[in-house]
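Structure, as structure tokens:
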Amino acid sequence: MNSRTERILIIDPDNDARLELDRYLESKGFYVCGYPDIQAAKSLFDDQPPDAIFADLPPEEIQQLSEKLDGSDSFIPLIAYARAKDACEVVSALRAGAEDFVLKPLSEKSKVDDVLGKLFDRVRVNRLNQLYRQELEEANSDLRAGISELRADQRAGRKVQLKMLPDRDRQLGGLTIDHLIKPSLYLSGDFLDYFRLSNDQTLVYIADVSGHGASSAFVTVLLKNLTNRLKRNLRRGSSDDIRFPDRFLQRINTELLDTGLGKHVTVFVGIINERTHTLKYAVGAHFPMPILSVEGEAPMFLEGNGLPVGLFKDPEWEVYEIRLNGPFQLFLFSDGILEVIKAKSLTKKEERLLEVVSGGSHTIASLSDALNLDEITELPDDIAIVSVTDTLNSTGQPGTDNPADGPESK
């Protein structure tokens, strides 16, 4: 005899028939309980519901018991076990909710085996489904909690990133500098900064970290930390690397390689000298190149190229210099701007960007409007824009210097 774990309930007012079925099921290894009516069996439903029920009951009581079973979480098959004079009685029991019908007297005991085998297959499938549902609900609950925690972390990280950015619409000497960053996710892999190096020099840079998300955002923290250290070193007189665009890129390169994150950055860094009216800059594979618009001349992309930052051990970058002959504006973009410009080729996208600048869109707000950035709900990539406006030569009135950002003149 095989040992079984299923529990079977028999509800039958016929004591002899109940005992006969009881003995047969126990011989098959089932746990069996028998009661003369539903009321007597009620406690079993409350304590430990059975796995199957054999019941000799009228159709209305079968229906009541079937409805009670349907309200439970598990599939508990109800088998009508009764005498039947004709097929109509069998059909009535099945319509009332019985899963199958076994005729009394129990002359063919193999019929019970067939019925239980078929129904217990459904019981096992039902229980497996319940188990899977429970596991899925627990996994979903854990996932929702994890996502909620991740979003909270990302929101906190976003606040940190925003605090690292310079003030918007800032006056540095004779320059007005503004910026815009629109992340594709909570955290941005784009970064920018601008500050005074001296009373006549301003540094501005824009960086685009490879990839997206938290690891790329971490690199922006590294960039801000490095920039602050280089500014502090300049004030102390221990290092003037930040005065030289190529050496600034070399310092970023060293920092990135030391982290071992496998991240690289594209960077444009420029130093504007208001006394000599020049722009010195270095390019770390940044694209698109900044657009320079000088009064009386057509806007143009700056020329230059260079290796990405953070990939090679001892790279070198060329320093370019251009004279600023008259009032000017300089626009820096991350490559995410090209993703939202609708054009078939990269050349057409660059032409469109140049048209926007040529069309008089000379503020961050007007650039954003011209490119419909506020209407795009899901960005394919982070977008960063920096605008530098020569307000001194444009208005004849100098701006307000902020010596707290750089060394004092000696």
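Residues in the structure tokens are numbered from 1 in each chain, the chains being A, B, ... in the order shown, and ligands are numbered from 1 in the order shown.
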
Report as a short mmCIF file (atom, residue, chain, number, x, y, z; two decimals) with C-alpha atoms, in the first residue's frame: the residues of stretch 251-317 of chain A with a DSSP assignment of strand (DSSP E or B), based on the backbone of this structure.
```
data_model
loop_
_atom_site.label_atom_id
_atom_site.label_comp_id
_atom_site.auth_asym_id
_atom_site.auth_seq_id
_atom_site.Cartn_x
_atom_site.Cartn_y
_atom_site.Cartn_z
CA VAL A 265 34.19 61.11 -20.77
CA THR A 266 33.98 63.45 -23.71
CA VAL A 267 34.91 66.98 -22.63
CA PHE A 268 35.21 70.46 -24.04
CA VAL A 269 37.07 72.89 -21.78
CA GLY A 270 37.69 76.53 -22.66
CA ILE A 271 39.28 79.50 -20.92
CA ILE A 272 38.05 82.94 -21.97
CA ASN A 273 40.48 85.81 -21.40
CA THR A 278 40.93 85.14 -26.68
CA LEU A 279 39.48 81.68 -26.13
CA LYS A 280 41.88 78.82 -25.42
CA TYR A 281 40.37 75.37 -25.45
CA ALA A 282 41.01 71.63 -25.63
CA VAL A 283 38.74 68.92 -26.94
CA GLY A 284 38.42 65.46 -25.47
CA ALA A 285 36.44 63.83 -28.32
CA ILE A 291 29.09 77.17 -31.74
CA LEU A 292 30.71 80.61 -31.66
CA SER A 293 28.63 83.60 -32.75
CA VAL A 294 30.57 86.88 -33.10
CA MET A 300 30.30 78.65 -36.79
CA PHE A 301 31.33 75.44 -35.11
CA VAL A 309 39.22 61.22 -21.57
#
```

Show me, as a tab-separated table, the residues of stretch 61-150 of chain A having an atom within 10 Å of stretch 14-37 of chain A, each with the closest atom pair and its distance in Å, using only C-alpha atoms.
```
residue	atom	partner	partner_atom	distance
A:Tyr81	CA	A:Ala17	CA	9.5
A:Ala82	CA	A:Ala17	CA	9.4
A:Lys104	CA	A:Ala17	CA	7.9
A:Pro105	CA	A:Ala17	CA	7.4
A:Leu106	CA	A:Leu21	CA	7.6
A:Lys109	CA	A:Tyr24	CA	8.0
A:Val112	CA	A:Leu25	CA	8.8
A:Asp113	CA	A:Lys28	CA	9.1
```

Residue neighbourhood A:Thr176, 7 Å, only C-alpha atoms, exclusion window fewer than 4 positions, as a list in words: Asp169, Arg170, Gln171, Leu172, Val388, Thr389, Asp390 and Thr391 of chain A

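Proximity ranking of A:Glu138, A:Asp381, A:Glu303, A:Asp12 relative to A:Ala40 places A:Asp12 first, based on only C-alpha atoms.
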
Pick out the residues sitting within 8 Å of A:Ser92, and hand them over as a list in words; count only C-alpha atoms, and ignore anything fewer than 4 positions along from it in its own chain.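 Within the cut-off, the hits are Pro59, Cys88 and Ala96 of chain A.
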
Give me, as a list of chain:residue names, all polymer residues having an atom no more than 9 Å from stretch 359-368 of chain A, counting only C-alpha atoms and skipping those fewer than 2 positions away in the same chain.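 Counting only the stated atoms, we get A:Asp178, A:His179, A:Leu180, A:Gln329, A:Phe331, A:Leu354, A:Glu355, A:Val356, A:Val357, A:Ala370, A:Leu371, A:Asn372, A:Leu373, A:Asp374, A:Ile385, A:Val386, A:Ser387, A:Thr389.
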
note - atom CA of A:Asp51 and atom CA of A:Ala80 are separated by 14.8 Å
